[in-house]
Structure formats: structure tokens, C-alpha cells
Amino acid sequence: FRSANMASNPLSPVVVSTDGWDMSDHGPRLRIGVPKKGRIAEKVAELLKGCDIRYTKPARLDIATAKNLPIELVFLPAADIAMYVADGCVDLGITGQDIIRETGLPVKEEVTLDIGACRLCVQWPVKNGFSNVKDLLGKRCVTSFPKITKEYFDELAGNAEHGTDIKVLHGSVEASVGMGLAECVVDLVETGDTMRAAGLDVASTIMDSQAVMISNPNSIHQEMIAYLKKRVVGYLTATKFYYMVYNVHKDNIVAAEKVTPGKRSPTVSTLEDPSWKSVSVLVKRSEVQLIMDKLETIGATDILVWDVRNTRGFE
């Protein structure tokens with residue numbers, strides 16, 4: 001993935017970005033491996049935009065150079081990103097926790113991204129004749145996660161010999177039961193629509209998974225990794241909260257603070273009328289309607305809610 005702008009040229013001028021980073025070709029740029037397609041690729045593109053990583057991906061190329069930071073984006077299959085990070089071919093990567101566990105590679109998990117939430121499940125036919133998941137021991141199982149699947153059945157059997165035949169397929173494994181290839185599958189379940197369409201149901205959940213940002217612990221770009229991590233955390237916080245302002249009588253301020261405790265505590269100021277207080281606070285997006293209902297009940301007025309575009313300094 002080496003590109004012309006990564007070549008060292010001591011005679012080239014130093015170009016500094018608005019963020020203060022050296023944008024010239026004096027050394028290698030930090031590389032980020034991102035999914036080139038699949039269920040989380042679009043969400044990752046939104047994340048990069050929210051973190052103000054500006055780039056244009058050339059047609060038919062799987063590499064793009066950021067315009068405002070010394071970064072290169074490498075577009076890879078999500079299942080391969082952990083390997084590229086572990087081997088140092090890229091410094092950062094975005095992939096699923098299921099992939100990290102399956103590969104067992106020595107990468108550092110930096111941030112969970114709240115993208116692509118799903119479960120890795122043992123699935124069996126709705127009409128299966130089984131009464132317990134242990135009934136699957138010694139049967140045939142199709143999966144794209146052979147390591148995790150073996151660990152699961154080994155633990156289920158108490159590490160005794162069980163003879164479960166684990167077959168590896170890549171792609172849609174749900175059809176394998178209906179085609180007679182296996183009695184069960186181990187695969188990711190997001191909405192469950194594909195699973196139900198194949199006549200399957202969840203027998204057991206092995207693990208929850210979501211997309212995470214991972215790094216190579218030996219990368220030479222630790223300062224930039226920490227800088228980007230702050231951007232990612234700030235953007236993710238902004239996507240979870242609204243900024244709310246309202247007025248409430250001083251006699252009801254304690255009740256109001258119980259409804260809106262905020263991340264650390266609300267900001268309370270006195271209005272020109274000393275009997276009234278103005279409260280500014282962050283509230284969870286998922287709870288904003290319920291919070292407004294409760295505030296109205298205790299007499300709050302002039303309740304306003306704004307989008308939060310970005311944040312810093314939140315824990």
C-alpha cells in the first residue's frame with residue numbers, strides 16, 4: 001500500500017495542517033484499515049466524516065489520502081483488518097469484536113464504536129427435535145467462526161471428547177441446515193430476519209459483538225493514535241446526547257436535577273427574576289421525550305433541545 005506521498009524526501013518543504021500536523025512527505029503517514037464494504041462500512045464512513053477526516057476515495061482504488069491530516073485510509077475486508085493491524089501493515093483498524101476473538105491476534109482495543117451491534121449465536125431449526133443445546137454435541141455445525149465454535153462446544157462438553165463436526169463456510173451459512181449439510185450453525189444475528197427466513201432460531205448466544213477501533217501497540221504513531229481517539233470519543237458522545245435548556249422555579253430545582261442529572265451535574269444559573277432558575281444539561285437522545293414530559297410535570301417551562309455537533313473532555 002505504499003504510495004508516493006509516503007516516500008521520504010528531506011528536501012521537500014514542510015506543510016502544516018490547520019491541526020498542526022506535518023502534512024509533507026518527511027515520513028510515513030498513519031494508516032487506518034477500514035471496511036471496504038459490508039454492514040458497517042457506511043456507518044464507518046459517517047464516523048470518519050464526524051471526526052473531520054477529509055478524504056476522497058479514487059474510483060477502483062482501495063487507498064485514500066486524508067486532505068487535512070497525515071493519514072492514509074486503506075479499504076480492506078473487515079475480516080482481514082485485525083491481521084493487517086497485528087502485523088503492522090496498518091496502525092489503526094475498525095473491525096468487529098467477533099473477528100478479534102476469532103483471530104486471537106495481539107491488537108489493542110481502543111474504543112467501542114456502537115456500530116454494527118449483533119450477537120454470535122448457535123442456531124438450530126425451529127422444528128428440530130432437540131430439547132437442550134447439549135443435544136448438538138457430536139452433531140454437524142457450519143460456521144465462519146471455527147475457533148470460537150470449537151471453544152464453545154469444548155466448554156459445553158466440559159472439555160470431554162464430543163466429536164462435534166465443525167465445517168467452515170464463508171458467506172451465507174444459514175442455508176446449510178436446510179440443505180442437509182449440518183444440524184446447526186454458528187453465525188452472527190443482527191435483526192434475525194435472515195435467520196428466521198431460513199427456518200432457524202437461536203439456541204444459545206455465544207457473545208455480543210460490535211465494531212471497535214483497534215491499534216497496533218508497537219505503532220510509531222502513538223501520538224496521532226491518541227489524538228484520533230479523542231476525536232472519535234468526542235464524536236460518539238455527541239451522537240448519544242442532546243443539549244437541553246429549560247427554566248424552572250427555584251422551589252422545584254431539586255426535583256428538576258433528579259430528572260436531568262447530566263454527565264457530571266447540570267449548569268444552574270439565576271434568571272433576572274430570582275425566583276426562577278435556568279438549567280443547561282446534556283440528556284440522552286433515547287430519553288429526551290420522556291425527560292421533557294417529566295420536566296413539564298414539575299413545572300419546567302421554555303424547554304429547548306439542540307443537536308450536539310461534537311464534544312471534548314467527557315468521560
# chains A, B, ... in the order shown; residues from 1 in each chain; ligands from 1
$ residues_around --residues "segment 240-250 of chain A" --least-positions-apart "2" --cutoff "7 Å" --atoms "only C-alpha atoms" --output "number ranges by chain"
A: 236-238, 252-253, 275-285, 299-308
$ residues_around --residues "Asn218 of chain A" --least-positions-apart "3" --cutoff "12 Å" --atoms "only C-alpha atoms" --output "PDB file with all heavy atoms, in the first residue's frame"
ATOM      1  N   VAL A  85      -3.565  -5.022  11.152  1.00  0.00           N
ATOM      2  CA  VAL A  85      -3.165  -4.224  12.317  1.00  0.00           C
ATOM      3  C   VAL A  85      -2.105  -4.966  13.125  1.00  0.00           C
ATOM      4  O   VAL A  85      -1.081  -4.398  13.512  1.00  0.00           O
ATOM      5  CB  VAL A  85      -4.389  -3.895  13.200  1.00  0.00           C
ATOM      6  CG1 VAL A  85      -3.939  -3.211  14.501  1.00  0.00           C
ATOM      7  CG2 VAL A  85      -5.364  -2.987  12.458  1.00  0.00           C
ATOM      8  N   ALA A  86      -2.324  -6.249  13.394  1.00  0.00           N
ATOM      9  CA  ALA A  86      -1.388  -7.029  14.199  1.00  0.00           C
ATOM     10  C   ALA A  86      -0.009  -7.104  13.554  1.00  0.00           C
ATOM     11  O   ALA A  86       1.016  -7.078  14.245  1.00  0.00           O
ATOM     12  CB  ALA A  86      -1.941  -8.438  14.420  1.00  0.00           C
ATOM     13  N   ASP A  87       0.026  -7.187  12.233  1.00  0.00           N
ATOM     14  CA  ASP A  87       1.299  -7.284  11.524  1.00  0.00           C
ATOM     15  C   ASP A  87       1.948  -5.932  11.271  1.00  0.00           C
ATOM     16  O   ASP A  87       3.045  -5.866  10.713  1.00  0.00           O
ATOM     17  CB  ASP A  87       1.101  -8.008  10.185  1.00  0.00           C
ATOM     18  CG  ASP A  87       1.029  -9.515  10.359  1.00  0.00           C
ATOM     19  OD1 ASP A  87       0.973  -9.962  11.522  1.00  0.00           O
ATOM     20  OD2 ASP A  87       1.009 -10.236   9.346  1.00  0.00           O
ATOM     21  N   GLY A  88       1.273  -4.830  11.652  1.00  0.00           N
ATOM     22  CA  GLY A  88       1.849  -3.504  11.488  1.00  0.00           C
ATOM     23  C   GLY A  88       1.722  -2.928  10.095  1.00  0.00           C
ATOM     24  O   GLY A  88       2.329  -1.894   9.800  1.00  0.00           O
ATOM     25  N   CYS A  89       0.942  -3.581   9.227  1.00  0.00           N
ATOM     26  CA  CYS A  89       0.731  -3.034   7.879  1.00  0.00           C
ATOM     27  C   CYS A  89      -0.135  -1.778   7.937  1.00  0.00           C
ATOM     28  O   CYS A  89      -0.019  -0.890   7.091  1.00  0.00           O
ATOM     29  CB  CYS A  89       0.070  -4.079   6.987  1.00  0.00           C
ATOM     30  SG  CYS A  89       1.035  -5.577   6.795  1.00  0.00           S
ATOM     31  N   VAL A  90      -1.040  -1.725   8.915  1.00  0.00           N
ATOM     32  CA  VAL A  90      -1.784  -0.506   9.222  1.00  0.00           C
ATOM     33  C   VAL A  90      -1.668  -0.279  10.728  1.00  0.00           C
ATOM     34  O   VAL A  90      -1.441  -1.215  11.496  1.00  0.00           O
ATOM     35  CB  VAL A  90      -3.273  -0.581   8.787  1.00  0.00           C
ATOM     36  CG1 VAL A  90      -3.392  -0.751   7.292  1.00  0.00           C
ATOM     37  CG2 VAL A  90      -3.998  -1.709   9.512  1.00  0.00           C
ATOM     38  N   ASP A  91      -1.805   0.976  11.142  1.00  0.00           N
ATOM     39  CA  ASP A  91      -1.623   1.324  12.553  1.00  0.00           C
ATOM     40  C   ASP A  91      -2.917   1.219  13.351  1.00  0.00           C
ATOM     41  O   ASP A  91      -2.904   0.834  14.521  1.00  0.00           O
ATOM     42  CB  ASP A  91      -1.088   2.752  12.656  1.00  0.00           C
ATOM     43  CG  ASP A  91       0.204   2.935  11.874  1.00  0.00           C
ATOM     44  OD1 ASP A  91       1.258   2.530  12.388  1.00  0.00           O
ATOM     45  OD2 ASP A  91       0.139   3.466  10.751  1.00  0.00           O
ATOM     46  N   LEU A  92      -4.012   1.584  12.707  1.00  0.00           N
ATOM     47  CA  LEU A  92      -5.337   1.530  13.321  1.00  0.00           C
ATOM     48  C   LEU A  92      -6.254   0.738  12.410  1.00  0.00           C
ATOM     49  O   LEU A  92      -6.021   0.651  11.195  1.00  0.00           O
ATOM     50  CB  LEU A  92      -5.926   2.935  13.501  1.00  0.00           C
ATOM     51  CG  LEU A  92      -5.463   3.806  14.664  1.00  0.00           C
ATOM     52  CD1 LEU A  92      -6.072   5.197  14.545  1.00  0.00           C
ATOM     53  CD2 LEU A  92      -5.858   3.183  15.993  1.00  0.00           C
ATOM     54  N   PRO A 106      -2.778 -10.170  18.628  1.00  0.00           N
ATOM     55  CA  PRO A 106      -2.382  -9.221  19.677  1.00  0.00           C
ATOM     56  C   PRO A 106      -2.588  -7.769  19.261  1.00  0.00           C
ATOM     57  O   PRO A 106      -1.638  -7.044  18.933  1.00  0.00           O
ATOM     58  CB  PRO A 106      -0.899  -9.529  19.884  1.00  0.00           C
ATOM     59  CG  PRO A 106      -0.433  -9.992  18.529  1.00  0.00           C
ATOM     60  CD  PRO A 106      -1.594 -10.752  17.936  1.00  0.00           C
ATOM     61  N   VAL A 107      -3.831  -7.330  19.254  1.00  0.00           N
ATOM     62  CA  VAL A 107      -4.151  -5.940  18.943  1.00  0.00           C
ATOM     63  C   VAL A 107      -4.736  -5.282  20.190  1.00  0.00           C
ATOM     64  O   VAL A 107      -5.246  -5.961  21.086  1.00  0.00           O
ATOM     65  CB  VAL A 107      -5.145  -5.830  17.770  1.00  0.00           C
ATOM     66  CG1 VAL A 107      -4.534  -6.393  16.496  1.00  0.00           C
ATOM     67  CG2 VAL A 107      -6.459  -6.532  18.094  1.00  0.00           C
ATOM     68  N   LYS A 108      -4.674  -3.964  20.239  1.00  0.00           N
ATOM     69  CA  LYS A 108      -5.190  -3.211  21.381  1.00  0.00           C
ATOM     70  C   LYS A 108      -6.546  -2.610  21.017  1.00  0.00           C
ATOM     71  O   LYS A 108      -6.666  -1.914  20.007  1.00  0.00           O
ATOM     72  CB  LYS A 108      -4.214  -2.103  21.768  1.00  0.00           C
ATOM     73  CG  LYS A 108      -4.679  -1.258  22.951  1.00  0.00           C
ATOM     74  CD  LYS A 108      -3.684  -0.142  23.247  1.00  0.00           C
ATOM     75  CE  LYS A 108      -4.169   0.745  24.382  1.00  0.00           C
ATOM     76  NZ  LYS A 108      -3.233   1.872  24.632  1.00  0.00           N
ATOM     77  N   SER A 215      -5.700  -0.901  17.567  1.00  0.00           N
ATOM     78  CA  SER A 215      -4.407  -0.370  17.158  1.00  0.00           C
ATOM     79  C   SER A 215      -3.325  -1.420  17.327  1.00  0.00           C
ATOM     80  O   SER A 215      -3.492  -2.412  18.047  1.00  0.00           O
ATOM     81  CB  SER A 215      -4.041   0.870  17.993  1.00  0.00           C
ATOM     82  OG  SER A 215      -3.761   0.507  19.336  1.00  0.00           O
ATOM     83  N   HIS A 221       3.160   5.687  15.661  1.00  0.00           N
ATOM     84  CA  HIS A 221       2.263   6.843  15.619  1.00  0.00           C
ATOM     85  C   HIS A 221       1.378   6.941  16.866  1.00  0.00           C
ATOM     86  O   HIS A 221       0.206   7.289  16.780  1.00  0.00           O
ATOM     87  CB  HIS A 221       1.372   6.757  14.381  1.00  0.00           C
ATOM     88  CG  HIS A 221       2.113   6.790  13.087  1.00  0.00           C
ATOM     89  ND1 HIS A 221       2.695   7.928  12.576  1.00  0.00           N
ATOM     90  CD2 HIS A 221       2.380   5.800  12.189  1.00  0.00           C
ATOM     91  CE1 HIS A 221       3.276   7.656  11.421  1.00  0.00           C
ATOM     92  NE2 HIS A 221       3.104   6.370  11.163  1.00  0.00           N
ATOM     93  N   GLN A 222       1.941   6.682  18.041  1.00  0.00           N
ATOM     94  CA  GLN A 222       1.129   6.674  19.260  1.00  0.00           C
ATOM     95  C   GLN A 222       0.504   8.037  19.546  1.00  0.00           C
ATOM     96  O   GLN A 222      -0.630   8.118  20.041  1.00  0.00           O
ATOM     97  CB  GLN A 222       1.975   6.212  20.446  1.00  0.00           C
ATOM     98  CG  GLN A 222       2.435   4.763  20.360  1.00  0.00           C
ATOM     99  CD  GLN A 222       1.262   3.787  20.273  1.00  0.00           C
ATOM    100  OE1 GLN A 222       0.242   3.955  20.932  1.00  0.00           O
ATOM    101  NE2 GLN A 222       1.409   2.756  19.449  1.00  0.00           N
ATOM    102  N   ILE A 225      -2.447   8.367  17.258  1.00  0.00           N
ATOM    103  CA  ILE A 225      -3.497   7.438  17.674  1.00  0.00           C
ATOM    104  C   ILE A 225      -4.283   8.020  18.844  1.00  0.00           C
ATOM    105  O   ILE A 225      -5.522   7.994  18.867  1.00  0.00           O
ATOM    106  CB  ILE A 225      -2.886   6.064  18.046  1.00  0.00           C
ATOM    107  CG1 ILE A 225      -2.395   5.353  16.785  1.00  0.00           C
ATOM    108  CG2 ILE A 225      -3.905   5.197  18.783  1.00  0.00           C
ATOM    109  CD1 ILE A 225      -1.612   4.077  17.055  1.00  0.00           C
TER     110      ILE A 225
END
$ select_by_dssp --residues "segment 142-255 of chain A" --states "alpha helix (DSSP H)" --output "number ranges by chain"
A: 146-156, 175-178, 193-197, 222-240, 253-255
$ residues_around --residues "segment 43-50 of chain A" --least-positions-apart "2" --cutoff "8 Å" --atoms "only C-alpha atoms" --output "list in words"
Val34, Pro35, Ile40, Ala41, Asp52, Ile53, Arg54, Ile94, Ile115, Val232, Tyr235 and Asn310 of chain A
$ write_last_selection --atoms "all heavy atoms" --output "compact mmCIF listing (two decimals), in the first residue's frame"
# COMPACT_ATOMS: atom_id res chain seq x y z
N VAL A 34 -10.02 0.33 7.12
CA VAL A 34 -11.47 0.46 7.28
C VAL A 34 -12.18 -0.54 6.37
O VAL A 34 -11.66 -0.91 5.32
CB VAL A 34 -11.95 1.90 6.99
CG1 VAL A 34 -11.35 2.88 7.97
CG2 VAL A 34 -11.59 2.32 5.56
N PRO A 35 -13.38 -0.99 6.77
CA PRO A 35 -14.10 -1.96 5.93
C PRO A 35 -14.44 -1.36 4.57
O PRO A 35 -14.95 -0.25 4.46
CB PRO A 35 -15.37 -2.23 6.74
CG PRO A 35 -15.03 -1.83 8.14
CD PRO A 35 -14.09 -0.68 8.01
N ILE A 40 -21.14 -2.59 8.09
CA ILE A 40 -20.71 -1.45 8.89
C ILE A 40 -19.96 -0.40 8.09
O ILE A 40 -19.62 0.66 8.63
CB ILE A 40 -19.85 -1.89 10.08
CG1 ILE A 40 -18.51 -2.47 9.62
CG2 ILE A 40 -20.61 -2.87 10.96
CD1 ILE A 40 -17.55 -2.74 10.77
N ALA A 41 -19.71 -0.63 6.80
CA ALA A 41 -18.89 0.28 6.01
C ALA A 41 -19.49 1.68 5.94
O ALA A 41 -18.79 2.69 6.08
CB ALA A 41 -18.68 -0.28 4.60
N ASP A 52 -14.00 14.61 11.19
CA ASP A 52 -13.36 15.57 10.29
C ASP A 52 -12.10 15.01 9.65
O ASP A 52 -11.08 15.69 9.54
CB ASP A 52 -13.06 16.89 11.00
CG ASP A 52 -12.73 18.02 10.01
OD1 ASP A 52 -13.30 18.00 8.90
OD2 ASP A 52 -11.91 18.89 10.35
N ILE A 53 -12.16 13.75 9.25
CA ILE A 53 -11.09 13.17 8.44
C ILE A 53 -11.55 13.28 6.99
O ILE A 53 -12.43 12.56 6.53
CB ILE A 53 -10.83 11.70 8.83
CG1 ILE A 53 -10.38 11.63 10.29
CG2 ILE A 53 -9.78 11.08 7.91
CD1 ILE A 53 -10.21 10.22 10.83
N ARG A 54 -10.98 14.23 6.28
CA ARG A 54 -11.45 14.57 4.93
C ARG A 54 -10.64 13.81 3.89
O ARG A 54 -9.41 13.88 3.86
CB ARG A 54 -11.31 16.08 4.70
CG ARG A 54 -12.00 16.93 5.75
CD ARG A 54 -11.66 18.39 5.58
NE ARG A 54 -11.77 19.11 6.84
CZ ARG A 54 -11.24 20.31 7.07
NH1 ARG A 54 -10.54 20.91 6.11
NH2 ARG A 54 -11.39 20.89 8.25
N ILE A 94 -10.68 -0.69 12.04
CA ILE A 94 -12.04 -0.79 12.55
C ILE A 94 -12.61 -2.12 12.09
O ILE A 94 -12.70 -2.39 10.89
CB ILE A 94 -12.91 0.38 12.05
CG1 ILE A 94 -12.38 1.70 12.61
CG2 ILE A 94 -14.38 0.17 12.46
CD1 ILE A 94 -13.11 2.93 12.09
N ILE A 115 -21.39 0.62 16.73
CA ILE A 115 -21.75 0.38 15.33
C ILE A 115 -21.83 -1.13 15.13
O ILE A 115 -21.00 -1.88 15.63
CB ILE A 115 -20.68 0.96 14.37
CG1 ILE A 115 -20.64 2.49 14.47
CG2 ILE A 115 -20.96 0.54 12.92
CD1 ILE A 115 -19.50 3.10 13.66
N VAL A 232 -12.66 10.55 18.07
CA VAL A 232 -13.69 9.51 17.97
C VAL A 232 -14.60 9.53 19.19
O VAL A 232 -15.83 9.52 19.07
CB VAL A 232 -13.04 8.12 17.79
CG1 VAL A 232 -14.09 7.02 17.93
CG2 VAL A 232 -12.35 8.02 16.43
N TYR A 235 -16.88 12.58 19.10
CA TYR A 235 -17.97 12.45 18.13
C TYR A 235 -19.03 11.46 18.63
O TYR A 235 -20.24 11.72 18.53
CB TYR A 235 -17.43 12.00 16.78
CG TYR A 235 -18.53 11.64 15.80
CD1 TYR A 235 -19.31 12.63 15.20
CD2 TYR A 235 -18.80 10.31 15.48
CE1 TYR A 235 -20.33 12.31 14.33
CE2 TYR A 235 -19.83 9.98 14.61
CZ TYR A 235 -20.57 10.99 14.03
OH TYR A 235 -21.60 10.67 13.16
N ASN A 310 -20.36 18.11 18.25
CA ASN A 310 -19.16 17.40 18.66
C ASN A 310 -18.86 17.76 20.10
O ASN A 310 -19.43 18.70 20.65
CB ASN A 310 -17.96 17.76 17.76
CG ASN A 310 -17.14 16.54 17.41
OD1 ASN A 310 -16.80 15.75 18.30
ND2 ASN A 310 -16.78 16.38 16.15
$ select_by_dssp --residues "segment 167-208 of chain A" --states "strand (DSSP E or B)" --output "number ranges by chain"
A: 167-168, 184-189, 200-208
$ residues_around --residues "Phe75 of chain A" --least-positions-apart "3" --cutoff "9 Å" --atoms "only C-alpha atoms" --output "PyMOL selection string"
chain A and resi 32-37+61-64+78
$ write_last_selection --atoms "C-alpha atoms" --output "PDB file, in the first residue's frame"
ATOM      1  CA  ILE A  32      -6.178   3.220   9.107  1.00  0.00           C
ATOM      2  CA  GLY A  33      -7.740  -0.012   7.855  1.00  0.00           C
ATOM      3  CA  VAL A  34     -11.472   0.461   7.283  1.00  0.00           C
ATOM      4  CA  PRO A  35     -14.096  -1.955   5.928  1.00  0.00           C
ATOM      5  CA  LYS A  36     -14.414  -1.636   2.161  1.00  0.00           C
ATOM      6  CA  LYS A  37     -17.980  -2.987   2.129  1.00  0.00           C
ATOM      7  CA  LEU A  61      -8.567   2.115  -5.696  1.00  0.00           C
ATOM      8  CA  ASP A  62      -8.583   0.838  -2.126  1.00  0.00           C
ATOM      9  CA  ILE A  63      -6.464   3.614  -0.641  1.00  0.00           C
ATOM     10  CA  ALA A  64      -7.197   7.281   0.006  1.00  0.00           C
ATOM     11  CA  ALA A  78     -13.491  -6.420   7.613  1.00  0.00           C
TER      12      ALA A  78
END
$ residues_around --residues "Val126 of chain A" --least-positions-apart "6" --cutoff "12 Å" --atoms "only C-alpha atoms" --output "PDB file with C-alpha atoms, in the first residue's frame"
ATOM      1  CA  VAL A 177     -29.159 -26.730   7.639  1.00  0.00           C
ATOM      2  CA  GLY A 178     -31.982 -26.770   5.107  1.00  0.00           C
ATOM      3  CA  GLU A 183     -27.821 -29.788  12.206  1.00  0.00           C
ATOM      4  CA  CYS A 184     -26.919 -26.281  13.405  1.00  0.00           C
ATOM      5  CA  MET A 195     -32.157 -16.485  10.434  1.00  0.00           C
ATOM      6  CA  ARG A 196     -35.955 -16.722  10.580  1.00  0.00           C
ATOM      7  CA  ALA A 197     -36.234 -16.801   6.785  1.00  0.00           C
ATOM      8  CA  ALA A 198     -34.041 -19.922   6.843  1.00  0.00           C
ATOM      9  CA  GLY A 199     -36.309 -21.547   9.426  1.00  0.00           C
ATOM     10  CA  LEU A 200     -33.785 -21.185  12.238  1.00  0.00           C
ATOM     11  CA  ASP A 201     -33.965 -19.947  15.823  1.00  0.00           C
ATOM     12  CA  VAL A 202     -31.388 -19.015  18.471  1.00  0.00           C
ATOM     13  CA  ALA A 203     -30.354 -21.971  20.610  1.00  0.00           C
TER      14      ALA A 203
END
$ atom_distance --atom1 "atom CA of Arg309 of chain A" --atom2 "atom CA of Ala256 of chain A"
25.2 Å
$ atom_distance --atom1 "atom CA of Thr297 of chain A" --atom2 "atom CA of Pro274 of chain A"
21.5 Å
$ residues_around --residues "Gly171 of chain A" --least-positions-apart "3" --cutoff "10 Å" --atoms "only C-alpha atoms" --output "PDB file with all heavy atoms, in the first residue's frame"
ATOM      1  N   THR A 143     -20.086 -22.983  10.204  1.00  0.00           N
ATOM      2  CA  THR A 143     -19.783 -21.657  10.728  1.00  0.00           C
ATOM      3  C   THR A 143     -18.667 -20.997   9.933  1.00  0.00           C
ATOM      4  O   THR A 143     -17.926 -21.658   9.207  1.00  0.00           O
ATOM      5  CB  THR A 143     -19.364 -21.740  12.207  1.00  0.00           C
ATOM      6  OG1 THR A 143     -19.206 -20.416  12.731  1.00  0.00           O
ATOM      7  CG2 THR A 143     -18.065 -22.512  12.368  1.00  0.00           C
ATOM      8  N   SER A 144     -18.566 -19.687  10.085  1.00  0.00           N
ATOM      9  CA  SER A 144     -17.404 -18.931   9.600  1.00  0.00           C
ATOM     10  C   SER A 144     -16.461 -18.612  10.756  1.00  0.00           C
ATOM     11  O   SER A 144     -15.467 -17.910  10.557  1.00  0.00           O
ATOM     12  CB  SER A 144     -17.859 -17.625   8.932  1.00  0.00           C
ATOM     13  OG  SER A 144     -18.726 -17.880   7.860  1.00  0.00           O
ATOM     14  N   VAL A 168     -16.420 -25.405   7.933  1.00  0.00           N
ATOM     15  CA  VAL A 168     -16.188 -23.985   7.720  1.00  0.00           C
ATOM     16  C   VAL A 168     -16.692 -23.565   6.342  1.00  0.00           C
ATOM     17  O   VAL A 168     -16.282 -24.121   5.317  1.00  0.00           O
ATOM     18  CB  VAL A 168     -14.686 -23.639   7.845  1.00  0.00           C
ATOM     19  CG1 VAL A 168     -14.470 -22.144   7.629  1.00  0.00           C
ATOM     20  CG2 VAL A 168     -14.161 -24.063   9.208  1.00  0.00           C
ATOM     21  N   GLU A 174     -26.612 -19.961   6.739  1.00  0.00           N
ATOM     22  CA  GLU A 174     -27.932 -20.395   7.220  1.00  0.00           C
ATOM     23  C   GLU A 174     -28.542 -21.486   6.346  1.00  0.00           C
ATOM     24  O   GLU A 174     -29.267 -22.354   6.838  1.00  0.00           O
ATOM     25  CB  GLU A 174     -28.902 -19.195   7.272  1.00  0.00           C
ATOM     26  CG  GLU A 174     -28.517 -18.131   8.282  1.00  0.00           C
ATOM     27  CD  GLU A 174     -27.613 -17.072   7.682  1.00  0.00           C
ATOM     28  OE1 GLU A 174     -27.117 -17.280   6.550  1.00  0.00           O
ATOM     29  OE2 GLU A 174     -27.399 -16.037   8.338  1.00  0.00           O
ATOM     30  N   ASP A 187     -23.450 -18.330  13.766  1.00  0.00           N
ATOM     31  CA  ASP A 187     -23.346 -17.175  12.890  1.00  0.00           C
ATOM     32  C   ASP A 187     -23.823 -15.931  13.621  1.00  0.00           C
ATOM     33  O   ASP A 187     -24.438 -16.010  14.689  1.00  0.00           O
ATOM     34  CB  ASP A 187     -24.173 -17.392  11.615  1.00  0.00           C
ATOM     35  CG  ASP A 187     -23.736 -16.486  10.477  1.00  0.00           C
ATOM     36  OD1 ASP A 187     -22.621 -15.937  10.544  1.00  0.00           O
ATOM     37  OD2 ASP A 187     -24.518 -16.311   9.521  1.00  0.00           O
TER      38      ASP A 187
END
$ closest_residue --among "A:Cys118, A:Ala226, A:Leu69, A:Ala182" --to "Ala211 of chain A" --atoms "only C-alpha atoms"
A:Cys118
$ atom_distance --atom1 "atom CA of Thr205 of chain A" --atom2 "atom CA of Val122 of chain A"
6.3 Å
$ closest_residue --among "A:Asp165, A:Ala117, A:Val288, A:Ser131" --to "Arg39 of chain A" --atoms "only C-alpha atoms"
A:Ala117
$ closest_residue --among "A:Asn68, A:Ser204, A:Asn132, A:Thr194" --to "Thr149 of chain A" --atoms "only C-alpha atoms"
A:Ser204
